[in-house]
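In what follows, a single structure is set out as structure tokens and then discussed.
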Amino acid sequence: GISTHEAHYFFLPLWNPTFSPNADHQGIIDWFTLLLGIIGVIGLTIHGANWVIFKTNSGLNKKLKSVIFMLNIVLLLLVVISVFVWHLIEPHPFENFINKPWLWIFPIITFTGLLGLFNIKKFKKDGLGFLFSSLFLFGGFATTAASIFPKLLPSSNNVNPSLTIYNVAAHEYGLSVGINWFIIAIILVIIYLFVQYRIFKGKLDDVGYGEH
């Protein structure tokens, strides 16, 4: 848990003696944090490898597909374990999904991406691997957010309260100004992505350095 009462400094030991996320006095690292961290590293490694396959004609691509397949087995195992132990951290992990059944679309997207990656060696189009790893990452983030909403940073003890969208929200005036700037920013981001896509469209092997 993160203390909302310590306004001027924040300090935690690297870990506590129990290495438990449920301890009253937590550390920065515990077994559940490590589990999710490993899932994140493997997921991003797979995503990066799929990007290389998608954008290049490298001779390593065939080997990368084999590596992705093996890593995906480990990733699936760790994701299943995380689902089963999640209730040890959050007493009612599926409450939001039960109250709002449409939220189940996010876990479905997650496992669609994850299971789809097992066909990485059979894909005829190199972009399919990148698509499925993108679905996994998007679905995973969305599922986590949907599960803990309205919490942003849940507390696992009774000492410090959870950080929610309500107790960390800015003043109403600040939020109204922020949404106006967000609209401008998102338009610029879309334009930037469109330009970058046009410049780097296709395999990078086929683009001369003078065209970058």
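Following the order of the structure tokens, chains are lettered A, B, ..., residues in each are numbered from 1, and ligands are numbered from 1.
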Sort by chain and increasing residue number a table of all residues of range 69-182 of chain A within 12 Å of range 187-201 of chain A, each with its closest pair of atoms and their distance in Å to one decimal, counting only C-alpha atoms, and write it as a tab-separated table.
residue	atom	partner	partner_atom	distance
A:Asn180	CA	A:Ile187	CA	11.4
A:Trp181	CA	A:Ile187	CA	10.1
A:Phe182	CA	A:Ile187	CA	8.5
Write the residues of the selection above to a file with C-alpha atoms, as a compact mmCIF listing (two decimals), in the first residue's frame.
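Result went into again.txt, see below:
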# COMPACT_ATOMS: atom_id res chain seq x y z
CA ASN A 180 -8.95 20.25 -23.70
CA TRP A 181 -5.20 19.82 -24.03
CA PHE A 182 -5.66 16.05 -24.35
**OP:** Just the residues within 10 Å of range 50-57 of chain A, please, counting only C-alpha atoms, with nothing from its chain fewer than 6 positions along; format it as a list in words.
**Re:**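 Final neighbour list, sorted by chain and number: Leu44, Leu64, Lys65, Ile68, Leu117, Ile120, Lys125, Asp126, Gly127, Leu128, Gly129, Phe130, Leu131, Phe132, Ser133, Ser134, Phe200, Lys201, Gly202, Lys203, Leu204, Asp205 and Asp206 of chain A.
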For C-alpha atoms, I'd like the residues from the last selection saved as a PDB file, in the first residue's frame.
ATOM      1  CA  LEU A  44       7.513  -7.485 -24.184  1.00  0.00           C
ATOM      2  CA  LEU A  64      12.940 -15.999 -33.493  1.00  0.00           C
ATOM      3  CA  LYS A  65       9.689 -17.829 -34.234  1.00  0.00           C
ATOM      4  CA  ILE A  68       8.637 -16.989 -29.391  1.00  0.00           C
ATOM      5  CA  LEU A 117       0.909 -16.933 -30.715  1.00  0.00           C
ATOM      6  CA  ILE A 120       3.633 -18.360 -34.897  1.00  0.00           C
ATOM      7  CA  LYS A 125       2.054 -13.205 -43.018  1.00  0.00           C
ATOM      8  CA  ASP A 126       4.774 -11.873 -40.733  1.00  0.00           C
ATOM      9  CA  GLY A 127       2.479  -9.215 -39.274  1.00  0.00           C
ATOM     10  CA  LEU A 128       0.136 -11.738 -37.637  1.00  0.00           C
ATOM     11  CA  GLY A 129       2.567 -12.500 -34.818  1.00  0.00           C
ATOM     12  CA  PHE A 130       2.869  -8.802 -34.022  1.00  0.00           C
ATOM     13  CA  LEU A 131      -0.926  -8.483 -34.118  1.00  0.00           C
ATOM     14  CA  PHE A 132      -1.448 -11.314 -31.621  1.00  0.00           C
ATOM     15  CA  SER A 133       1.226 -10.078 -29.216  1.00  0.00           C
ATOM     16  CA  SER A 134      -0.374  -6.613 -29.435  1.00  0.00           C
ATOM     17  CA  PHE A 200       8.481   3.194 -42.549  1.00  0.00           C
ATOM     18  CA  LYS A 201       5.788   1.254 -44.390  1.00  0.00           C
ATOM     19  CA  GLY A 202       6.862  -2.234 -45.438  1.00  0.00           C
ATOM     20  CA  LYS A 203      10.076  -4.060 -44.588  1.00  0.00           C
ATOM     21  CA  LEU A 204      12.903  -1.870 -43.298  1.00  0.00           C
ATOM     22  CA  ASP A 205      15.349  -3.919 -45.364  1.00  0.00           C
ATOM     23  CA  ASP A 206      13.813  -2.345 -48.469  1.00  0.00           C
TER      24      ASP A 206
END
*What residues in range 35-199 of chain A get the DSSP label strand (DSSP E or B)? Please answer as a list in words.*
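In range 35-199 of chain A, DSSP puts these residues in strand (DSSP E or B): Lys151, Leu152, Leu153, Leu163 and Thr164 of chain A.
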Kindly save the residues from that selection, with C-alpha atoms included, as a PDB file, in the first residue's frame.
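Writing done, so here's again-v4.pdb:
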ATOM      1  CA  LYS A 151      -8.527   1.653  -7.732  1.00  0.00           C
ATOM      2  CA  LEU A 152      -5.384   2.840  -9.436  1.00  0.00           C
ATOM      3  CA  LEU A 153      -2.938   1.404  -6.918  1.00  0.00           C
ATOM      4  CA  LEU A 163      -5.168   5.077  -4.332  1.00  0.00           C
ATOM      5  CA  THR A 164      -8.340   5.478  -6.400  1.00  0.00           C
TER       6      THR A 164
END
